>>> print(open('final_33.cif').read())   # mmCIF, C-alpha atoms (C1' of nucleotides)
data_input
#
loop_
_atom_site.label_atom_id
_atom_site.label_comp_id
_atom_site.auth_asym_id
_atom_site.auth_seq_id
_atom_site.Cartn_x
_atom_site.Cartn_y
_atom_site.Cartn_z
CA MET A 12 0.00 0.00 0.00
CA VAL A 13 2.17 2.83 1.23
CA THR A 14 5.75 3.19 2.43
CA PRO A 15 6.08 6.51 4.21
CA LYS A 16 9.49 7.81 3.32
CA LYS A 17 10.17 10.70 5.59
CA THR A 18 8.28 10.67 8.87
CA PRO A 19 7.24 7.62 10.87
CA ALA A 20 3.55 6.75 10.54
CA GLY A 21 1.38 7.71 13.48
CA THR A 22 3.50 10.77 14.26
CA GLY A 23 1.33 13.61 15.51
CA ARG A 24 2.02 16.20 12.84
CA ARG A 25 1.81 13.68 10.05
CA ALA A 26 -1.57 12.40 11.28
CA GLU A 27 -2.83 15.96 11.58
CA LEU A 28 -1.79 16.74 8.02
CA LEU A 29 -3.47 13.59 6.74
CA ALA A 30 -6.70 14.52 8.53
CA THR A 31 -6.57 17.97 6.96
CA ALA A 32 -5.84 16.56 3.51
CA ALA A 33 -8.69 14.05 3.87
CA GLU A 34 -11.16 16.81 4.68
CA VAL A 35 -10.08 18.90 1.71
CA PHE A 36 -10.10 15.93 -0.69
CA ALA A 37 -13.60 15.01 0.50
CA GLU A 38 -14.84 18.56 0.19
CA LEU A 39 -13.37 19.58 -3.15
CA GLY A 40 -12.57 16.25 -4.80
CA TYR A 41 -9.09 14.85 -5.30
CA ASN A 42 -8.31 16.60 -8.57
CA ALA A 43 -9.78 19.93 -7.57
CA THR A 44 -7.67 19.91 -4.42
CA THR A 45 -4.29 21.56 -4.83
CA VAL A 46 -1.38 20.91 -2.51
CA ARG A 47 -1.47 24.65 -1.88
CA THR A 48 -4.99 24.41 -0.46
CA ILE A 49 -3.98 21.60 1.89
CA ALA A 50 -0.86 23.49 2.96
CA ASP A 51 -2.86 26.71 3.50
CA ARG A 52 -5.33 24.96 5.73
CA ALA A 53 -2.47 23.38 7.69
CA GLY A 54 -0.77 26.75 8.05
CA MET A 55 2.31 26.01 5.99
CA LEU A 56 3.58 26.54 2.46
CA ALA A 57 3.01 24.10 -0.36
CA GLY A 58 6.62 23.00 -0.60
CA SER A 59 6.72 22.14 3.07
CA LEU A 60 4.21 19.35 2.61
CA TYR A 61 6.94 17.49 0.77
CA TYR A 62 8.95 17.30 3.94
CA HIS A 63 6.23 14.97 5.25
CA PHE A 64 4.97 13.26 2.11
CA ASP A 65 6.32 12.07 -1.21
CA SER A 66 3.40 13.31 -3.23
CA LYS A 67 -0.25 14.28 -3.28
CA GLU A 68 -0.99 10.73 -4.37
CA SER A 69 0.74 9.32 -1.29
CA MET A 70 -1.57 11.31 0.92
CA ALA A 71 -4.66 9.88 -0.77
CA ASP A 72 -3.08 6.44 -0.59
CA GLU A 73 -2.48 6.60 3.16
CA ILE A 74 -5.95 7.98 3.84
CA LEU A 75 -7.68 5.25 1.86
CA SER A 76 -5.60 2.35 3.09
CA ALA A 77 -5.99 3.35 6.74
CA PHE A 78 -9.75 3.34 6.26
CA LEU A 79 -9.82 -0.01 4.48
CA THR A 80 -7.58 -1.63 7.08
CA ASP A 81 -9.95 -0.62 9.87
CA LEU A 82 -13.01 -1.58 7.84
CA TRP A 83 -11.77 -5.10 7.13
CA GLU A 84 -10.69 -5.57 10.71
CA GLY A 85 -14.27 -4.77 11.73
CA TYR A 86 -15.83 -7.00 9.06
CA ARG A 87 -13.54 -9.87 10.02
CA ARG A 88 -14.87 -9.87 13.56
CA ILE A 89 -18.42 -10.18 12.23
CA GLU A 90 -17.52 -12.96 9.80
CA GLU A 91 -15.90 -14.90 12.63
CA ALA A 92 -18.88 -14.52 14.93
CA GLY A 93 -20.71 -17.22 12.99
CA LEU A 94 -24.06 -15.39 12.92
CA GLY A 95 -27.07 -16.14 10.76
CA PRO A 96 -27.56 -14.18 7.53
CA ARG A 97 -29.96 -11.58 8.93
CA GLU A 98 -27.73 -10.89 11.94
CA THR A 99 -24.63 -10.83 9.73
CA PHE A 100 -26.42 -8.34 7.49
CA GLU A 101 -27.28 -6.12 10.42
CA GLY A 102 -23.75 -6.43 11.76
CA LEU A 103 -22.17 -5.42 8.46
CA VAL A 104 -24.42 -2.38 8.08
CA THR A 105 -23.75 -1.32 11.66
CA GLU A 106 -20.01 -1.77 11.28
CA SER A 107 -20.07 0.23 8.05
CA PHE A 108 -21.70 3.18 9.78
CA ARG A 109 -19.26 2.87 12.66
CA GLN A 110 -16.36 3.14 10.23
CA MET A 111 -18.08 6.06 8.57
CA GLU A 112 -17.98 7.79 11.93
CA ARG A 113 -14.22 7.34 12.22
CA HIS A 114 -13.28 7.78 8.59
CA ARG A 115 -15.98 9.96 7.10
CA PRO A 116 -13.74 11.97 4.75
CA ALA A 117 -12.01 8.77 3.63
CA VAL A 118 -15.37 7.22 2.79
CA VAL A 119 -16.38 10.25 0.74
CA ILE A 120 -13.07 10.12 -1.13
CA TYR A 121 -13.52 6.40 -1.64
CA GLN A 122 -17.01 6.98 -3.07
CA LYS A 123 -15.92 9.66 -5.46
CA GLU A 124 -12.48 8.56 -6.56
CA ALA A 125 -12.03 4.80 -6.02
CA ARG A 126 -13.16 3.84 -9.49
CA ARG A 127 -10.67 6.14 -11.19
CA LEU A 128 -7.80 5.56 -8.75
CA ALA A 129 -8.19 1.77 -8.84
CA ALA A 130 -6.89 1.84 -12.42
CA GLN A 131 -3.45 2.86 -11.12
CA GLU A 132 -1.11 0.15 -9.94
CA ARG A 133 -0.41 1.62 -6.51
CA PHE A 134 -4.15 1.68 -5.82
CA GLY A 135 -4.63 -1.92 -6.83
CA TYR A 136 -5.75 -2.75 -3.29
CA LEU A 137 -8.91 -0.72 -3.96
CA ALA A 138 -9.98 -3.18 -6.63
CA ASP A 139 -9.07 -6.12 -4.36
CA SER A 140 -11.17 -4.64 -1.60
CA GLN A 141 -14.14 -4.13 -3.90
CA GLN A 142 -13.97 -7.79 -4.92
CA ARG A 143 -13.83 -8.97 -1.34
CA PHE A 144 -16.65 -6.66 -0.44
CA ARG A 145 -18.83 -7.99 -3.22
CA LYS A 146 -18.15 -11.58 -2.21
CA LEU A 147 -18.90 -10.99 1.45
CA TRP A 148 -22.21 -9.23 0.84
CA THR A 149 -23.29 -11.53 -1.98
CA HIS A 150 -22.55 -14.57 0.15
CA THR A 151 -24.55 -13.14 3.05
CA LEU A 152 -27.52 -12.39 0.80
CA GLU A 153 -27.38 -15.87 -0.76
CA ARG A 154 -27.25 -17.54 2.61
CA GLY A 155 -30.32 -15.56 3.62
CA VAL A 156 -32.23 -16.57 0.49
CA ALA A 157 -31.24 -20.20 1.08
CA ASP A 158 -32.41 -20.33 4.69
CA GLY A 159 -35.55 -18.28 4.14
CA SER A 160 -34.42 -15.10 5.91
CA PHE A 161 -34.58 -13.14 2.68
CA ARG A 162 -37.18 -13.28 -0.08
CA ARG A 163 -36.90 -16.25 -2.41
CA GLU A 164 -37.29 -14.08 -5.54
CA LEU A 165 -34.51 -11.65 -4.50
CA ASP A 166 -32.20 -10.68 -7.36
CA VAL A 167 -28.94 -10.97 -5.42
CA PRO A 168 -26.64 -8.96 -7.75
CA VAL A 169 -29.13 -6.09 -7.86
CA ALA A 170 -29.79 -6.29 -4.11
CA TYR A 171 -26.05 -6.27 -3.46
CA ARG A 172 -25.51 -3.04 -5.38
CA PHE A 173 -28.61 -1.57 -3.81
CA VAL A 174 -27.33 -2.20 -0.27
CA ARG A 175 -23.74 -1.26 -1.00
CA ASP A 176 -24.66 2.08 -2.56
CA THR A 177 -27.35 2.84 -0.04
CA VAL A 178 -25.02 2.43 2.91
CA TRP A 179 -21.90 4.17 1.64
CA VAL A 180 -23.51 7.12 -0.06
CA ALA A 181 -24.84 8.11 3.37
CA ALA A 182 -21.30 9.31 4.17
CA VAL A 183 -22.03 12.39 2.08
CA TRP A 184 -24.62 13.71 4.51
CA PHE A 185 -24.03 11.67 7.66
CA ARG A 186 -22.58 13.75 10.51
CA PRO A 187 -21.62 11.81 13.63
CA ARG A 188 -21.83 15.09 15.52
CA GLY A 189 -25.46 15.44 14.42
CA ARG A 190 -28.54 14.40 16.29
CA LYS A 191 -28.21 10.73 15.42
CA SER A 192 -25.44 8.31 16.32
CA ALA A 193 -23.97 5.85 13.87
CA ALA A 194 -25.77 3.02 15.66
CA GLN A 195 -29.13 4.78 15.39
CA ILE A 196 -28.73 5.48 11.69
CA ALA A 197 -27.58 1.91 11.12
CA GLN A 198 -30.68 0.65 12.89
CA GLN A 199 -32.97 2.81 10.76
CA TYR A 200 -31.22 1.70 7.59
CA THR A 201 -31.35 -2.02 8.34
CA SER A 202 -35.01 -1.66 9.25
CA MET A 203 -35.82 0.11 5.98
CA VAL A 204 -33.83 -2.32 3.85
CA LEU A 205 -34.98 -5.50 5.60
CA ASP A 206 -38.62 -4.68 6.21
CA GLY A 207 -39.34 -1.81 3.82
CA ILE A 208 -40.98 1.52 4.41
CA ALA A 209 -44.53 0.45 3.54
CA THR A 210 -47.00 -0.98 6.04
CA MET B 22 -29.46 28.61 -17.30
CA VAL B 23 -27.53 28.75 -20.55
CA THR B 24 -27.40 31.09 -23.51
CA PRO B 25 -25.59 29.34 -26.35
CA LYS B 26 -23.65 32.00 -28.11
CA LYS B 27 -22.40 30.54 -31.31
CA THR B 28 -24.43 27.65 -32.63
CA PRO B 29 -28.19 27.15 -32.33
CA ALA B 30 -29.17 24.56 -29.72
CA GLY B 31 -30.25 21.21 -31.10
CA THR B 32 -27.89 21.49 -34.05
CA GLY B 33 -26.47 18.08 -34.91
CA ARG B 34 -22.80 18.74 -34.35
CA ARG B 35 -23.38 20.65 -31.17
CA ALA B 36 -25.53 17.86 -29.71
CA GLU B 37 -22.87 15.32 -30.68
CA LEU B 38 -20.18 17.30 -28.93
CA LEU B 39 -22.29 17.66 -25.81
CA ALA B 40 -22.90 13.90 -25.74
CA THR B 41 -19.16 13.30 -26.04
CA ALA B 42 -18.36 15.84 -23.35
CA ALA B 43 -20.99 14.32 -21.04
CA GLU B 44 -19.45 10.87 -21.39
CA VAL B 45 -15.97 12.14 -20.64
CA PHE B 46 -17.12 14.23 -17.68
CA ALA B 47 -18.97 11.23 -16.26
CA GLU B 48 -16.00 8.95 -16.79
CA LEU B 49 -13.15 11.12 -15.55
CA GLY B 50 -14.91 13.72 -13.44
CA TYR B 51 -15.37 17.37 -14.42
CA ASN B 52 -12.03 18.64 -13.15
CA ALA B 53 -9.99 15.72 -14.42
CA THR B 54 -11.48 16.21 -17.87
CA THR B 55 -9.48 18.53 -20.09
CA VAL B 56 -10.92 20.27 -23.11
CA ARG B 57 -8.18 18.49 -25.03
CA THR B 58 -9.60 15.08 -24.05
CA ILE B 59 -13.06 16.07 -25.20
CA ALA B 60 -11.70 17.49 -28.45
CA ASP B 61 -9.58 14.38 -29.05
CA ARG B 62 -12.54 12.11 -28.64
CA ALA B 63 -14.57 14.30 -30.99
CA GLY B 64 -11.78 14.27 -33.58
CA MET B 65 -10.91 17.93 -33.43
CA LEU B 66 -8.38 20.19 -31.74
CA ALA B 67 -8.93 21.81 -28.37
CA GLY B 68 -9.25 25.34 -29.72
CA SER B 69 -11.97 24.25 -32.13
CA LEU B 70 -14.34 23.44 -29.29
CA TYR B 71 -14.53 27.18 -28.68
CA TYR B 72 -16.16 27.64 -32.04
CA HIS B 73 -19.14 25.76 -30.57
CA PHE B 74 -19.00 26.64 -26.87
CA ASP B 75 -17.99 29.55 -24.70
CA SER B 76 -16.23 27.47 -22.12
CA LYS B 77 -15.86 24.08 -20.49
CA GLU B 78 -18.30 25.29 -17.85
CA SER B 79 -20.93 26.06 -20.48
CA MET B 80 -20.77 22.47 -21.66
CA ALA B 81 -21.42 21.14 -18.16
CA ASP B 82 -24.16 23.71 -17.76
CA GLU B 83 -26.00 22.65 -20.91
CA ILE B 84 -25.65 18.96 -20.07
CA LEU B 85 -27.06 19.37 -16.57
CA SER B 86 -29.87 21.76 -17.43
CA ALA B 87 -31.07 19.57 -20.31
CA PHE B 88 -31.29 16.65 -17.89
CA LEU B 89 -33.11 18.62 -15.20
CA THR B 90 -35.58 20.06 -17.68
CA ASP B 91 -36.57 16.58 -18.84
CA LEU B 92 -36.64 15.24 -15.29
CA TRP B 93 -39.01 17.93 -14.03
CA GLU B 94 -41.22 17.56 -17.07
CA GLY B 95 -41.57 13.87 -16.15
CA TYR B 96 -42.16 14.54 -12.47
CA ARG B 97 -44.75 17.18 -13.27
CA ARG B 98 -46.86 14.63 -15.14
CA ILE B 99 -46.83 12.37 -12.09
CA GLU B 100 -47.70 15.17 -9.69
CA GLU B 101 -50.62 16.14 -11.89
CA ALA B 102 -51.95 12.58 -12.09
CA GLY B 103 -53.37 12.90 -8.56
CA LEU B 104 -52.25 9.44 -7.42
CA GLY B 105 -52.04 8.13 -3.88
CA PRO B 106 -48.71 8.24 -2.01
CA ARG B 107 -47.63 4.68 -2.80
CA GLU B 108 -48.43 5.04 -6.50
CA THR B 109 -46.77 8.47 -6.58
CA PHE B 110 -43.71 6.93 -4.97
CA GLU B 111 -43.59 4.16 -7.57
CA GLY B 112 -44.14 6.66 -10.34
CA LEU B 113 -41.30 8.91 -9.20
CA VAL B 114 -38.86 6.01 -8.91
CA THR B 115 -39.85 4.70 -12.33
CA GLU B 116 -39.56 8.14 -13.91
CA SER B 117 -36.13 8.61 -12.31
CA PHE B 118 -34.86 5.41 -13.88
CA ARG B 119 -36.38 6.39 -17.19
CA GLN B 120 -34.47 9.67 -17.11
CA MET B 121 -31.34 7.77 -16.12
CA GLU B 122 -31.76 5.81 -19.32
CA ARG B 123 -31.82 9.00 -21.42
CA HIS B 124 -29.34 11.06 -19.45
CA ARG B 125 -27.06 8.58 -17.76
CA PRO B 126 -23.83 10.60 -18.10
CA ALA B 127 -25.64 13.72 -16.92
CA VAL B 128 -26.89 11.88 -13.84
CA VAL B 129 -23.38 10.70 -13.00
CA ILE B 130 -22.05 14.23 -13.40
CA TYR B 131 -24.91 15.51 -11.28
CA GLN B 132 -24.08 12.99 -8.55
CA LYS B 133 -20.42 13.80 -8.48
CA GLU B 134 -20.32 17.52 -9.10
CA ALA B 135 -23.66 19.11 -8.22
CA ARG B 136 -22.72 19.95 -4.66
CA ARG B 137 -19.56 21.81 -5.70
CA LEU B 138 -21.01 23.43 -8.83
CA ALA B 139 -24.15 24.63 -7.04
CA ALA B 140 -21.98 27.12 -5.14
CA GLN B 141 -21.42 29.04 -8.40
CA GLU B 142 -24.02 31.56 -9.45
CA ARG B 143 -24.57 30.19 -12.93
CA PHE B 144 -25.37 26.78 -11.43
CA GLY B 145 -27.87 28.20 -8.95
CA TYR B 146 -30.62 26.17 -10.62
CA LEU B 147 -28.97 23.05 -9.21
CA ALA B 148 -29.69 24.18 -5.67
CA ASP B 149 -33.24 25.17 -6.66
CA SER B 150 -33.79 21.76 -8.15
CA GLN B 151 -32.49 20.02 -5.03
CA GLN B 152 -34.93 22.01 -2.89
CA ARG B 153 -37.84 21.15 -5.16
CA PHE B 154 -36.76 17.54 -5.18
CA ARG B 155 -36.63 17.37 -1.42
CA LYS B 156 -40.07 18.95 -1.07
CA LEU B 157 -41.68 16.60 -3.60
CA TRP B 158 -40.30 13.42 -2.03
CA THR B 159 -40.80 14.55 1.54
CA HIS B 160 -44.39 15.51 0.80
CA THR B 161 -45.02 12.12 -0.80
CA LEU B 162 -43.56 10.28 2.18
CA GLU B 163 -45.55 12.39 4.64
CA ARG B 164 -48.78 11.80 2.75
CA GLY B 165 -48.05 8.08 2.93
CA VAL B 166 -47.44 8.15 6.66
CA ALA B 167 -50.65 10.14 7.14
CA ASP B 168 -52.88 7.77 5.18
CA GLY B 169 -51.25 4.59 6.49
CA SER B 170 -49.46 3.58 3.29
CA PHE B 171 -46.07 3.98 4.96
CA ARG B 172 -45.01 3.01 8.47
CA ARG B 173 -46.16 5.33 11.21
CA GLU B 174 -42.70 5.41 12.85
CA LEU B 175 -40.91 6.34 9.58
CA ASP B 176 -38.25 9.04 10.03
CA VAL B 177 -39.15 11.06 6.95
CA PRO B 178 -35.92 13.11 6.58
CA VAL B 179 -33.80 9.97 6.86
CA ALA B 180 -36.10 8.00 4.56
CA TYR B 181 -35.97 10.83 2.02
CA ARG B 182 -32.18 10.78 1.86
CA PHE B 183 -32.22 7.01 1.78
CA VAL B 184 -34.50 6.89 -1.24
CA ARG B 185 -32.88 9.79 -3.05
CA ASP B 186 -29.38 8.35 -2.76
CA THR B 187 -30.45 4.82 -3.44
CA VAL B 188 -32.12 5.72 -6.71
CA TRP B 189 -29.61 8.14 -8.20
CA VAL B 190 -26.44 6.33 -7.27
CA ALA B 191 -27.65 3.46 -9.44
CA ALA B 192 -26.65 5.59 -12.44
CA VAL B 193 -23.05 4.64 -11.77
CA TRP B 194 -23.62 1.00 -12.67
CA PHE B 195 -26.94 1.01 -14.48
CA ARG B 196 -26.60 0.25 -18.17
CA PRO B 197 -29.80 0.54 -20.21
CA ARG B 198 -28.14 -1.69 -22.80
CA GLY B 199 -27.71 -4.37 -20.15
CA ARG B 200 -29.99 -7.28 -19.40
CA LYS B 201 -32.51 -5.21 -17.48
CA SER B 202 -34.64 -2.34 -18.71
CA ALA B 203 -35.16 0.83 -16.70
CA ALA B 204 -38.71 -0.28 -15.91
CA GLN B 205 -37.52 -3.64 -14.57
CA ILE B 206 -34.87 -2.09 -12.34
CA ALA B 207 -37.37 0.50 -11.12
CA GLN B 208 -39.77 -2.31 -10.23
CA GLN B 209 -37.08 -4.18 -8.29
CA TYR B 210 -36.07 -1.02 -6.46
CA THR B 211 -39.57 0.02 -5.46
CA SER B 212 -40.24 -3.50 -4.26
CA MET B 213 -37.07 -3.54 -2.11
CA VAL B 214 -37.68 -0.09 -0.67
CA LEU B 215 -41.41 -0.51 -0.04
CA ASP B 216 -41.52 -4.09 1.19
CA GLY B 217 -37.93 -4.83 2.16
CA ILE B 218 -35.68 -7.73 1.28
CA ALA B 219 -36.54 -9.90 4.31
CA THR B 220 -39.38 -12.40 4.38
"C1'" DC C 24 9.61 24.06 7.49
"C1'" DC C 25 10.73 28.32 4.08
"C1'" DT C 26 12.68 30.58 -0.29
"C1'" DA C 27 12.82 30.47 -4.83
"C1'" DC C 28 12.00 28.24 -8.66
"C1'" DC C 29 10.81 24.93 -12.76
"C1'" DG C 30 8.67 22.15 -16.45
"C1'" DA C 31 4.21 20.66 -17.71
"C1'" DT C 32 -0.33 21.36 -18.51
"C1'" DC C 33 -4.48 23.76 -18.31
"C1'" DG C 34 -8.56 26.74 -20.23
"C1'" DG C 35 -8.93 29.95 -23.48
"C1'" DT C 36 -7.94 33.44 -27.60
"C1'" DA C 37 -6.54 35.92 -32.14
"C1'" DG C 38 -6.45 35.44 -36.68
"C1'" DG C 39 -7.25 33.01 -40.45
"C1'" DC D 29 -12.40 24.13 -37.73
"C1'" DC D 30 -6.92 24.78 -37.57
"C1'" DT D 31 -2.41 27.29 -36.31
"C1'" DA D 32 -0.01 29.30 -33.03
"C1'" DC D 33 0.12 31.04 -28.89
"C1'" DC D 34 -0.52 32.96 -23.87
"C1'" DG D 35 -1.08 33.74 -18.86
"C1'" DA D 36 -2.16 31.12 -14.90
"C1'" DT D 37 -1.69 27.39 -12.15
"C1'" DC D 38 -0.29 22.96 -11.00
"C1'" DG D 39 2.73 19.20 -8.54
"C1'" DG D 40 7.09 18.96 -7.23
"C1'" DT D 41 12.35 20.08 -6.16
"C1'" DA D 42 17.05 22.12 -4.58
"C1'" DG D 43 19.15 24.23 -1.10
"C1'" DG D 44 19.07 26.01 3.06
#
>>> encode(input="final_33.cif", output="structure tokens")
Amino acid sequence: MVTPKKTPAGTGRRAELLATAAEVFAELGYNATTVRTIADRAGMLAGSLYYHFDSKESMADEILSAFLTDLWEGYRRIEEAGLGPRETFEGLVTESFRQMERHRPAVVIYQKEARRLAAQERFGYLADSQQRFRKLWTHTLERGVADGSFRRELDVPVAYRFVRDTVWVAAVWFRPRGRKSAAQIAQQYTSMVLDGIAT
Amino acid sequence: MVTPKKTPAGTGRRAELLATAAEVFAELGYNATTVRTIADRAGMLAGSLYYHFDSKESMADEILSAFLTDLWEGYRRIEEAGLGPRETFEGLVTESFRQMERHRPAVVIYQKEARRLAAQERFGYLADSQQRFRKLWTHTLERGVADGSFRRELDVPVAYRFVRDTVWVAAVWFRPRGRKSAAQIAQQYTSMVLDGIAT
DNA sequence: CCTACCGATCGGTAGG
DNA sequence: CCTACCGATCGGTAGG
């Protein structure tokens, strides 16, 4: 994924700069963000960023891989819990919103840029992650159809994209500081997706 | 919205160029798209685009306003049909997918760029449209809660964002040339949202 | 982390 | 629609 060249990972200033960069990338989009904007917001000059990072691309790389590492750590725990399909489904949605709380800007960047970035070799792990993601969710949906938790006539590939999009796109408006916690939103979402909004 | 300066709207070549530009914008993002890329793909040189259009921004403007004009024309018909909340809901989803079929690249651009573009004065109609959109869907959901079509405990603002995102984000993967028509996808979506995926 | 700078590329234009 | 070009801005670097 990433080999920081100049400052050890986890260092205070470096983490601060990454958080700033993530916010700007999420707000303006990766391409529309200039290293000058990031530097401005961090209170330094553009050139000084290169004391901490190799390139603009490295910053995006570190932001995205940190998010995906945490996400897969969370998903792994749910996979290993050996739950039924409906409970697995609920667990995955809840975990996704929890990660959104921690990595909101990263999720927005992921949503907007992953497709384009994944074409580059250094971002190959984005494509790997998407594959794994698809398998995990598809498998959960299929298990649920098989054991009668989910509707027999469910079109699994369509349902998969429906759920995936529905959950992640919420990062655009979801504010953990708002009136609702991640767990509450997750509960509302699973309820709407599992049981529908009609009576 | 837009005042084409140099070639009458609807002219063959102009429409062709807009379709090309829309595809490139959708594929690469507005900022990452250079006028040279659009010109290349249209088989002309960058400078020649300016015989047809004032600016790169004008192209995006025309693409987005053409889409929104058609969308609101479609929605207006449904509003005027005087249907109940559930049927209005189904009609709006179906119409949205129908417009996605006609204006897929425009919808992708809208998804990715509307928030940022809306800040500019010339794209003020994007913010107006979002307002109108929110009112129409919120009103439909509220009517449904009131008459018992939708669940009494439904959180309307959350449900609104849920439905809005869920429908439009489908433009990223939806291919009208694929195995499923817009009407079929719309039917699957309304079924999942209204009645859920669980048994 | 700053000063000072560079090559590349961008959106756009004048003139034909 | 092309030729030829421009000012601005970009990501990034050398040297301190």
>>> closest_residue(input="final_33.cif", among="A:Glu91, A:Thr45, A:Arg24, A:Arg162", to="DT37 (chain D)", atoms="all atoms listed in the file")
A:Thr45
>>> closest_atom_pairs(input="final_33.cif", of="chain B", to="chain D", cutoff="12 Å", atoms="only C-alpha atoms (C1' of nucleotides)", output="JSON lines")
{"residue": "B:Ala60", "atom": "CA", "partner": "D:DC29", "partner_atom": "C1'", "distance": 11.4}
{"residue": "B:Gly64", "atom": "CA", "partner": "D:DC29", "partner_atom": "C1'", "distance": 10.7}
{"residue": "B:Met65", "atom": "CA", "partner": "D:DC29", "partner_atom": "C1'", "distance": 7.7}
{"residue": "B:Leu66", "atom": "CA", "partner": "D:DC30", "partner_atom": "C1'", "distance": 7.6}
{"residue": "B:Ala67", "atom": "CA", "partner": "D:DC30", "partner_atom": "C1'", "distance": 9.9}
{"residue": "B:Gly68", "atom": "CA", "partner": "D:DC30", "partner_atom": "C1'", "distance": 8.2}
{"residue": "B:Ser69", "atom": "CA", "partner": "D:DC29", "partner_atom": "C1'", "distance": 5.6}
{"residue": "B:Leu70", "atom": "CA", "partner": "D:DC29", "partner_atom": "C1'", "distance": 8.7}
{"residue": "B:Tyr71", "atom": "CA", "partner": "D:DC29", "partner_atom": "C1'", "distance": 9.8}
{"residue": "B:Tyr72", "atom": "CA", "partner": "D:DC29", "partner_atom": "C1'", "distance": 7.7}
{"residue": "B:His73", "atom": "CA", "partner": "D:DC29", "partner_atom": "C1'", "distance": 10.0}
>>> atom_distance(input="final_33.cif", atom1="CA of Ile130 (chain B)", atom2="CA of Ala43 (chain B)")
7.7 Å
>>> residues_around(input="final_33.cif", residues="region 174-179 of chain B", least_positions_apart="3", cutoff="9 Å", atoms="all atoms listed in the file", output="PyMOL selection string")
(chain A and resi 196+199-200+203+208) or (chain B and resi 159+162-163+166+171+182-184)
>>> closest_residue(input="final_33.cif", among="A:Ala125, A:Val183, A:Ala43, A:Leu103", to="chain B", atoms="all atoms listed in the file")
A:Ala43
>>> resolve_selection(input="final_33.cif", expression="the PyMOL selection byres ((chain B) within 6 of (chain A))", output="number ranges by chain")
B: 170-172, 187, 214-220
>>> atom_distance(input="final_33.cif", atom1="CA of Ala182 (chain A)", atom2="CA of Tyr146 (chain B)")
24.3 Å
>>> resolve_selection(input="final_33.cif", expression="the PyMOL selection byres ((chain A and resi 115) around 9)", output="PyMOL selection string")
chain A and resi 33-34+37+110-114+116-120+182-183+185-187
>>> atom_distance(input="final_33.cif", atom1="CA of Leu157 (chain B)", atom2="CA of Pro106 (chain B)")
11.0 Å
>>> closest_residue(input="final_33.cif", among="A:Leu82, A:Ala138, A:Ala71, A:Ala32", to="Glu106 (chain A)", atoms="only C-alpha atoms")
A:Leu82
>>> resolve_selection(input="final_33.cif", expression="the PyMOL selection byres ((chain B and resi 99) around 12)", output="list in words")
Leu92, Trp93, Glu94, Gly95, Tyr96, Arg97, Arg98, Glu100, Glu101, Ala102, Gly103, Leu104, Gly105, Pro106, Glu108, Thr109, Phe110, Glu111, Gly112, Leu113, Val114, Thr115, Glu116, Ser117, Leu157 and Thr161 of chain B
>>> build_atoms(input="final_33.cif", residues="region 181-189 of chain A", atoms="N, CA, C and O atoms", output="short mmCIF file (atom, residue, chain, number, x, y, z; two decimals), keeping the file's coordinate frame")
data_model
loop_
_atom_site.label_atom_id
_atom_site.label_comp_id
_atom_site.auth_asym_id
_atom_site.auth_seq_id
_atom_site.Cartn_x
_atom_site.Cartn_y
_atom_site.Cartn_z
N ALA A 181 -24.41 7.36 2.19
CA ALA A 181 -24.84 8.11 3.37
C ALA A 181 -23.70 8.94 3.96
O ALA A 181 -23.94 9.94 4.65
N ALA A 182 -22.46 8.56 3.65
CA ALA A 182 -21.30 9.31 4.17
C ALA A 182 -21.33 10.76 3.73
O ALA A 182 -20.77 11.63 4.38
N VAL A 183 -21.99 11.04 2.61
CA VAL A 183 -22.03 12.39 2.08
C VAL A 183 -22.78 13.33 3.02
O VAL A 183 -22.40 14.48 3.18
N TRP A 184 -23.83 12.84 3.64
CA TRP A 184 -24.62 13.71 4.51
C TRP A 184 -24.51 13.35 6.00
O TRP A 184 -24.80 14.18 6.85
N PHE A 185 -24.08 12.12 6.28
CA PHE A 185 -24.03 11.67 7.66
C PHE A 185 -23.01 12.47 8.48
O PHE A 185 -21.85 12.59 8.10
N ARG A 186 -23.47 13.02 9.60
CA ARG A 186 -22.58 13.75 10.51
C ARG A 186 -22.67 13.12 11.88
O ARG A 186 -23.71 13.21 12.54
N PRO A 187 -21.58 12.46 12.32
CA PRO A 187 -21.62 11.81 13.63
C PRO A 187 -21.89 12.80 14.76
O PRO A 187 -22.38 12.43 15.81
N ARG A 188 -21.58 14.07 14.51
CA ARG A 188 -21.83 15.09 15.52
C ARG A 188 -23.30 15.51 15.54
O ARG A 188 -23.70 16.32 16.36
N GLY A 189 -24.06 15.04 14.54
CA GLY A 189 -25.46 15.44 14.42
C GLY A 189 -26.33 14.82 15.50
O GLY A 189 -25.84 14.29 16.49
#
